[in-house]
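Structure file my_file25.cif (mmCIF, C-alpha atoms and all ligand atoms) is printed below.
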data_my_file
loop_
_atom_site.label_atom_id
_atom_site.label_comp_id
_atom_site.auth_asym_id
_atom_site.auth_seq_id
_atom_site.Cartn_x
_atom_site.Cartn_y
_atom_site.Cartn_z
CA MET B 120 14.16 -102.35 84.98
CA SER B 121 13.25 -98.82 83.96
CA GLU B 122 14.66 -97.42 80.76
CA ILE B 123 17.10 -94.53 81.00
CA HIS B 124 16.42 -91.73 78.53
CA PRO B 125 19.27 -89.53 77.31
CA ILE B 126 19.03 -85.83 78.11
CA GLU B 127 17.12 -84.10 75.33
CA PRO B 128 18.91 -81.19 73.69
CA ILE B 129 17.20 -77.84 74.23
CA PRO B 130 14.81 -77.01 71.36
CA SER B 131 16.60 -73.74 71.29
CA PRO B 132 15.92 -70.84 69.00
CA LEU B 133 18.63 -69.03 70.96
CA GLN B 134 21.25 -67.24 68.95
CA GLU B 135 24.65 -68.90 68.56
CA GLN B 136 27.66 -67.00 69.90
CA PRO B 137 30.69 -69.20 69.14
CA ASP B 138 33.18 -66.64 70.48
CA PHE B 139 31.39 -66.36 73.85
CA THR B 140 33.95 -65.80 76.64
CA VAL B 141 33.26 -64.31 80.03
CA PRO B 142 35.92 -61.75 80.94
CA ALA B 143 37.98 -62.54 84.06
CA LEU B 144 36.60 -59.57 85.99
CA LEU B 145 32.99 -60.59 85.34
CA GLN B 146 33.82 -64.17 86.30
CA GLU B 147 35.11 -62.85 89.60
CA GLU B 148 32.03 -60.69 90.16
CA ILE B 149 29.77 -63.63 89.38
CA GLY B 150 31.68 -65.87 91.78
CA GLU B 151 31.17 -63.27 94.49
CA LEU B 152 27.51 -62.80 93.62
CA ILE B 153 26.78 -66.52 94.00
CA THR B 154 28.03 -66.42 97.58
CA HIS B 155 25.12 -64.09 98.47
CA TYR B 156 22.59 -66.88 98.02
CA PRO B 157 21.85 -69.89 100.18
CA ASN B 158 22.12 -72.15 97.14
CA LYS B 159 23.59 -71.62 93.69
CA ARG B 160 20.30 -72.01 91.87
CA SER B 161 18.86 -68.94 93.62
CA ALA B 162 21.43 -66.79 91.84
CA SER B 163 20.11 -67.74 88.38
CA LEU B 164 18.27 -64.49 87.58
CA MET B 165 21.13 -62.31 88.82
CA LEU B 166 23.63 -64.23 86.70
CA LEU B 167 21.45 -63.89 83.64
CA HIS B 168 21.15 -60.15 84.24
CA ALA B 169 24.94 -59.86 84.60
CA ILE B 170 25.52 -61.81 81.39
CA GLN B 171 22.91 -59.82 79.48
CA GLN B 172 24.42 -56.56 80.70
CA GLN B 173 27.79 -57.67 79.35
CA PHE B 174 26.71 -59.17 76.03
CA GLY B 175 23.33 -57.56 75.36
CA TYR B 176 21.48 -60.87 75.11
CA ILE B 177 21.56 -64.50 76.23
CA SER B 178 23.02 -66.77 73.57
CA ARG B 179 22.96 -70.56 73.65
CA GLN B 180 26.59 -70.60 74.76
CA ALA B 181 25.84 -68.05 77.50
CA LEU B 182 22.91 -70.11 78.72
CA GLU B 183 25.08 -73.24 78.90
CA TRP B 184 27.80 -71.32 80.69
CA VAL B 185 25.32 -70.05 83.32
CA ALA B 186 23.92 -73.55 83.76
CA GLY B 187 27.42 -74.96 84.25
CA ARG B 188 28.37 -72.25 86.72
CA LEU B 189 25.26 -72.99 88.80
CA GLU B 190 25.45 -76.77 88.42
CA LEU B 191 22.07 -76.86 86.69
CA GLN B 192 20.82 -78.45 83.50
CA PRO B 193 20.63 -75.98 80.58
CA ILE B 194 16.87 -76.53 80.44
CA ASN B 195 16.54 -75.05 83.96
CA VAL B 196 18.07 -71.81 82.71
CA TYR B 197 16.26 -71.95 79.38
CA GLU B 198 12.94 -71.93 81.24
CA LEU B 199 13.89 -68.63 82.87
CA VAL B 200 15.19 -67.02 79.70
CA THR B 201 12.01 -67.84 77.82
CA PHE B 202 9.63 -67.01 80.70
CA TYR B 203 10.88 -63.54 81.63
CA PRO B 204 10.44 -60.98 78.86
CA MET B 205 13.35 -58.86 80.10
CA PHE B 206 15.79 -61.45 78.78
CA GLN B 207 16.75 -60.99 75.16
CA GLN B 208 17.34 -64.09 73.08
CA LYS B 209 18.92 -62.21 70.19
CA PRO B 210 21.14 -59.16 69.92
CA VAL B 211 19.13 -55.93 70.09
CA GLY B 212 19.82 -52.47 68.74
CA LYS B 213 21.70 -49.76 70.60
CA TYR B 214 18.32 -48.25 71.47
CA HIS B 215 15.60 -50.65 72.52
CA LEU B 216 12.10 -49.18 72.20
CA LYS B 217 9.41 -51.05 74.09
CA VAL B 218 5.84 -49.90 73.50
CA CYS B 219 3.16 -51.14 75.90
CA ARG B 220 0.24 -52.78 74.13
CA THR B 221 -1.92 -53.80 77.10
CA LEU B 222 -5.49 -52.52 77.37
CA SER B 223 -5.07 -48.98 78.74
CA CYS B 224 -2.21 -48.22 76.39
CA ALA B 225 -3.98 -49.88 73.45
CA LEU B 226 -6.99 -47.63 74.12
CA GLY B 227 -4.66 -44.69 74.61
CA GLY B 228 -3.07 -45.08 71.17
CA SER B 229 -0.13 -47.44 71.57
CA TYR B 230 -0.86 -49.29 68.31
CA GLU B 231 -0.80 -45.98 66.44
CA LEU B 232 2.41 -45.09 68.29
CA HIS B 233 4.00 -48.40 67.30
CA GLU B 234 2.94 -47.83 63.70
CA HIS B 235 4.44 -44.35 63.82
CA PHE B 236 7.78 -45.76 64.98
CA CYS B 237 7.61 -48.38 62.23
CA ARG B 238 7.05 -45.69 59.60
CA LYS B 239 9.91 -43.60 60.94
CA LEU B 240 12.32 -46.54 61.22
CA GLY B 241 11.35 -48.44 58.06
CA LEU B 242 9.99 -51.43 60.00
CA ASP B 243 6.94 -53.60 59.38
CA PRO B 244 3.96 -52.69 61.63
CA GLN B 245 2.45 -56.15 61.06
CA ALA B 246 5.56 -58.12 62.06
CA HIS B 247 5.47 -60.19 65.24
CA GLY B 248 8.18 -59.89 67.85
CA PRO B 249 11.08 -57.47 68.10
CA GLN B 250 12.38 -55.87 64.91
CA THR B 251 15.77 -54.25 64.50
CA THR B 252 16.70 -51.63 61.93
CA LYS B 253 19.28 -52.64 59.32
CA ASP B 254 21.92 -50.38 60.87
CA GLY B 255 21.42 -52.10 64.24
CA LYS B 256 20.60 -48.80 65.91
CA PHE B 257 17.00 -49.43 66.99
CA THR B 258 15.02 -52.43 68.14
CA LEU B 259 11.27 -51.91 68.41
CA GLU B 260 8.85 -54.24 70.11
CA PHE B 261 5.51 -54.42 71.82
CA VAL B 262 5.56 -55.38 75.49
CA GLU B 263 2.90 -56.02 78.09
CA CYS B 264 1.84 -53.64 80.87
CA LEU B 265 4.64 -51.37 82.09
CA ALA B 266 2.67 -50.54 85.24
CA SER B 267 1.73 -46.96 84.45
CA CYS B 268 -1.71 -47.54 82.95
CA GLY B 269 -3.01 -44.10 83.97
CA THR B 270 -0.54 -42.29 81.73
CA ALA B 271 -1.07 -44.22 78.49
CA PRO B 272 0.43 -44.67 76.04
CA VAL B 273 3.61 -45.67 77.79
CA MET B 274 6.94 -46.83 76.43
CA MET B 275 10.57 -47.33 77.37
CA CYS B 276 13.72 -46.42 75.50
CA ASN B 277 16.41 -48.60 77.05
CA ASP B 278 15.96 -47.94 80.78
CA THR B 279 14.15 -44.62 80.42
CA PHE B 280 10.44 -44.55 80.94
CA HIS B 281 8.18 -42.26 78.86
CA GLU B 282 4.52 -41.55 79.58
CA ALA B 283 1.67 -40.11 77.51
CA VAL B 284 3.81 -40.37 74.38
CA SER B 285 2.40 -38.44 71.43
CA GLU B 286 3.79 -38.81 67.90
CA LYS B 287 5.60 -35.51 68.41
CA ARG B 288 7.19 -36.83 71.60
CA ALA B 289 8.07 -40.07 69.80
CA ASP B 290 9.99 -38.06 67.20
CA GLU B 291 11.81 -36.21 69.97
CA ILE B 292 12.74 -39.52 71.63
CA LEU B 293 14.18 -40.78 68.35
CA GLY B 294 16.06 -37.50 67.97
CA GLU B 295 17.55 -37.91 71.45
CA CYS B 296 18.97 -41.32 70.47
CA GLN B 297 22.35 -40.27 69.16
S1 LIG K 301 -1.51 -50.87 80.07
FE1 LIG K 301 0.26 -49.81 79.45
S2 LIG K 301 1.22 -49.41 81.32
FE2 LIG K 301 -0.43 -50.66 81.90
#
Show me the file's structure as structure tokens.
Amino acid sequence: MSEIHPIEPIPSPLQEQPDFTVPALLQEEIGELITHYPNKRSASLMLLHAIQQQFGYISRQALEWVAGRLELQPINVYELVTFYPMFQQKPVGKYHLKVCRTLSCALGGSYELHEHFCRKLGLDPQAHGPQTTKDGKFTLEFVECLASCGTAPVMMCNDTFHEAVSEKRADEILGECQ
């Protein structure tokens, strides 16, 4: 007789959010959204986007809630959250700066641009992963190709795309973040 193994807990570095509650209106919208798909699982990415839009990131509690809503195991949702870089696993600043570090942008000065932002924001240019300023206003991180390699160096500030960003333009972008 084969041995039954208990479900392993997720080796989750995801942030805890003990007060996680999905507002009634969002619950309704999510219920409606699920009906657009032939099976619940297909709605996974859309649900994660909706939750991230509401809370700013995907916490462990949010991940478990999404899994429950879609009748999946938490690990099925965890795989998505950790695979797609657009999902945040921790709270991010009000302004999220993403600097492309792939080849064209690296050659076009994106490392210098990242360093410039670090100097301006008091962050560590050697640190790995996203960094957030102490006041929670800015999160800075390197990302991979933003699909505009001909206009390097390229970056995003929240949903706004910026091309051929010089240090002067970087300062203007920071100044526009009020
Ligand atoms: S390498 Fe930066 S946009 Fe493609």
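The nearest approach to Phe206 (chain B) among the residues B:Leu232, B:Cys268, B:Leu166, B:Cys224, with only C-alpha atoms taken into account, belongs to B:Leu166.
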Review point. What gap, in Å, lies between CA of Phe202 (chain B) and CA of Leu242 (chain B)?
Key: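 About the pair CA of Phe202 (chain B) and CA of Leu242 (chain B): they are 25.9 Å apart.
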Review point. Could you list, as a PyMOL selection string, all the residues within 12 Å of ligand LIG 301 (chain K), counting all atoms listed in the file?
Key: chain B and resi 217-230+261-275+280-284
Residues of the last selection are to be written out with C-alpha atoms, as a PDB file, keeping the file's coordinate frame.
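File written: result07.pdb
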ATOM      1  CA  LYS B 217       9.410 -51.050  74.090  1.00  0.00           C
ATOM      2  CA  VAL B 218       5.840 -49.900  73.500  1.00  0.00           C
ATOM      3  CA  CYS B 219       3.160 -51.140  75.900  1.00  0.00           C
ATOM      4  CA  ARG B 220       0.240 -52.780  74.130  1.00  0.00           C
ATOM      5  CA  THR B 221      -1.920 -53.800  77.100  1.00  0.00           C
ATOM      6  CA  LEU B 222      -5.490 -52.520  77.370  1.00  0.00           C
ATOM      7  CA  SER B 223      -5.070 -48.980  78.740  1.00  0.00           C
ATOM      8  CA  CYS B 224      -2.210 -48.220  76.390  1.00  0.00           C
ATOM      9  CA  ALA B 225      -3.980 -49.880  73.450  1.00  0.00           C
ATOM     10  CA  LEU B 226      -6.990 -47.630  74.120  1.00  0.00           C
ATOM     11  CA  GLY B 227      -4.660 -44.690  74.610  1.00  0.00           C
ATOM     12  CA  GLY B 228      -3.070 -45.080  71.170  1.00  0.00           C
ATOM     13  CA  SER B 229      -0.130 -47.440  71.570  1.00  0.00           C
ATOM     14  CA  TYR B 230      -0.860 -49.290  68.310  1.00  0.00           C
ATOM     15  CA  PHE B 261       5.510 -54.420  71.820  1.00  0.00           C
ATOM     16  CA  VAL B 262       5.560 -55.380  75.490  1.00  0.00           C
ATOM     17  CA  GLU B 263       2.900 -56.020  78.090  1.00  0.00           C
ATOM     18  CA  CYS B 264       1.840 -53.640  80.870  1.00  0.00           C
ATOM     19  CA  LEU B 265       4.640 -51.370  82.090  1.00  0.00           C
ATOM     20  CA  ALA B 266       2.670 -50.540  85.240  1.00  0.00           C
ATOM     21  CA  SER B 267       1.730 -46.960  84.450  1.00  0.00           C
ATOM     22  CA  CYS B 268      -1.710 -47.540  82.950  1.00  0.00           C
ATOM     23  CA  GLY B 269      -3.010 -44.100  83.970  1.00  0.00           C
ATOM     24  CA  THR B 270      -0.540 -42.290  81.730  1.00  0.00           C
ATOM     25  CA  ALA B 271      -1.070 -44.220  78.490  1.00  0.00           C
ATOM     26  CA  PRO B 272       0.430 -44.670  76.040  1.00  0.00           C
ATOM     27  CA  VAL B 273       3.610 -45.670  77.790  1.00  0.00           C
ATOM     28  CA  MET B 274       6.940 -46.830  76.430  1.00  0.00           C
ATOM     29  CA  MET B 275      10.570 -47.330  77.370  1.00  0.00           C
ATOM     30  CA  PHE B 280      10.440 -44.550  80.940  1.00  0.00           C
ATOM     31  CA  HIS B 281       8.180 -42.260  78.860  1.00  0.00           C
ATOM     32  CA  GLU B 282       4.520 -41.550  79.580  1.00  0.00           C
ATOM     33  CA  ALA B 283       1.670 -40.110  77.510  1.00  0.00           C
ATOM     34  CA  VAL B 284       3.810 -40.370  74.380  1.00  0.00           C
TER      35      VAL B 284
END
Where is the centre and how long are the edges: axis-aligned box on region 147-152 of chain B, 4 Å on each side, Å to one decimal, as AutoDock Vina command-line options:
--center_x 31.3 --center_y -63.3 --center_z 91.9 --size_x 15.6 --size_y 13.2 --size_z 13.1
Report as JSON lines: every residue of region 162-240 of chain B with an atom at most 9 Å from region 249-254 of chain B, its closest pair of atoms, and their distance in Å to one decimal, counting all atoms listed in the file, with rows sorted by chain and ascending residue number.
{"residue": "B:Val211", "atom": "CA", "partner": "B:Thr251", "partner_atom": "CA", "distance": 6.7}
{"residue": "B:Gly212", "atom": "CA", "partner": "B:Thr251", "partner_atom": "CA", "distance": 6.1}
{"residue": "B:His215", "atom": "CA", "partner": "B:Thr251", "partner_atom": "CA", "distance": 8.8}
{"residue": "B:Lys217", "atom": "CA", "partner": "B:Pro249", "partner_atom": "CA", "distance": 8.9}
{"residue": "B:Leu240", "atom": "CA", "partner": "B:Thr252", "partner_atom": "CA", "distance": 6.8}
**Study point:** Computed interatomic separation between CA of Ser163 (chain B) and CA of Gly255 (chain B) (Å)
**Key:**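 Those two atoms sit 28.8 Å apart.
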Exercise for review: Identify which of the residues B:Arg238, B:Lys287, B:His233, B:Lys213 lies closest to Lys256 (chain B), counting only C-alpha atoms when measuring atom-to-atom distances.
Suggested key: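 Ranked by minimum distance to Lys256 (chain B), first place goes to B:Lys213.
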Point to revise | Within-10 Å shell of (15.5, -64.0, 72.2) in input frame, only C-alpha atoms, as a list in words | key: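 Collected hits near the coordinates: Ser131, Pro132, Leu133, Gln134, Tyr176, Ile177, Ser178, Val200, Thr201, Pro204, Met205, Phe206, Gln207, Gln208, Lys209, Pro210, Val211, Gly248 and Pro249 of chain B.
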Practice item. Return the single residue from B:Phe174, B:Gln297, B:Phe257, B:Ala162 that is closest to Leu191 (chain B), with distances computed using all atoms listed in the file. Key: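 Under the stated criterion, the closest residue is B:Ala162.
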Exercise for review: Identify, on the basis of all atoms listed in the file, every residue whose closest approach to Ala186 (chain B) does not exceed 10 Å; exclude the query and any residue fewer than 3 positions from it along the same chain; express the result as a list in words.
Suggested key: Arg160, Ser163, Leu166, Leu167, Gln180, Ala181, Leu182, Glu183, Leu189, Glu190, Leu191, Gln192, Pro193, Ile194, Asn195, Val196 and Tyr197 of chain B
**Study point:** Computed interatomic separation between CA of Glu147 (chain B) and CA of Ile170 (chain B) (Å)
**Key:**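 Those two atoms sit 12.7 Å apart.
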From (8.8, -40.5, 58.1), in the file's coordinates, out to 12 Å: which residues are reached, counting only C-alpha atoms? Answer as a compact mmCIF listing (two decimals) with C-alpha atoms, in the frame of the given file.
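Output contents, as saved in result_3.txt:
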# COMPACT_ATOMS: atom_id res chain seq x y z
CA GLU B 234 2.94 -47.83 63.70
CA HIS B 235 4.44 -44.35 63.82
CA PHE B 236 7.78 -45.76 64.98
CA CYS B 237 7.61 -48.38 62.23
CA ARG B 238 7.05 -45.69 59.60
CA LYS B 239 9.91 -43.60 60.94
CA LEU B 240 12.32 -46.54 61.22
CA GLY B 241 11.35 -48.44 58.06
CA LEU B 242 9.99 -51.43 60.00
CA GLU B 286 3.79 -38.81 67.90
CA LYS B 287 5.60 -35.51 68.41
CA ALA B 289 8.07 -40.07 69.80
CA ASP B 290 9.99 -38.06 67.20
CA LEU B 293 14.18 -40.78 68.35
Check your understanding: Of the candidates B:Ala246, B:Leu144, B:Tyr214, B:Glu135, which shows the shortest atom-to-atom distance to Glu295 (chain B), using all atoms listed in the file?
Key -> B:Tyr214
Check your understanding: For Leu164 (chain B), which residue out of B:Leu259, B:Ile149, B:Val141, B:Leu199 is the nearest one, using all atoms listed in the file?
Key ->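 Using all atoms listed in the file, Leu164 (chain B) sits closest to B:Leu199.
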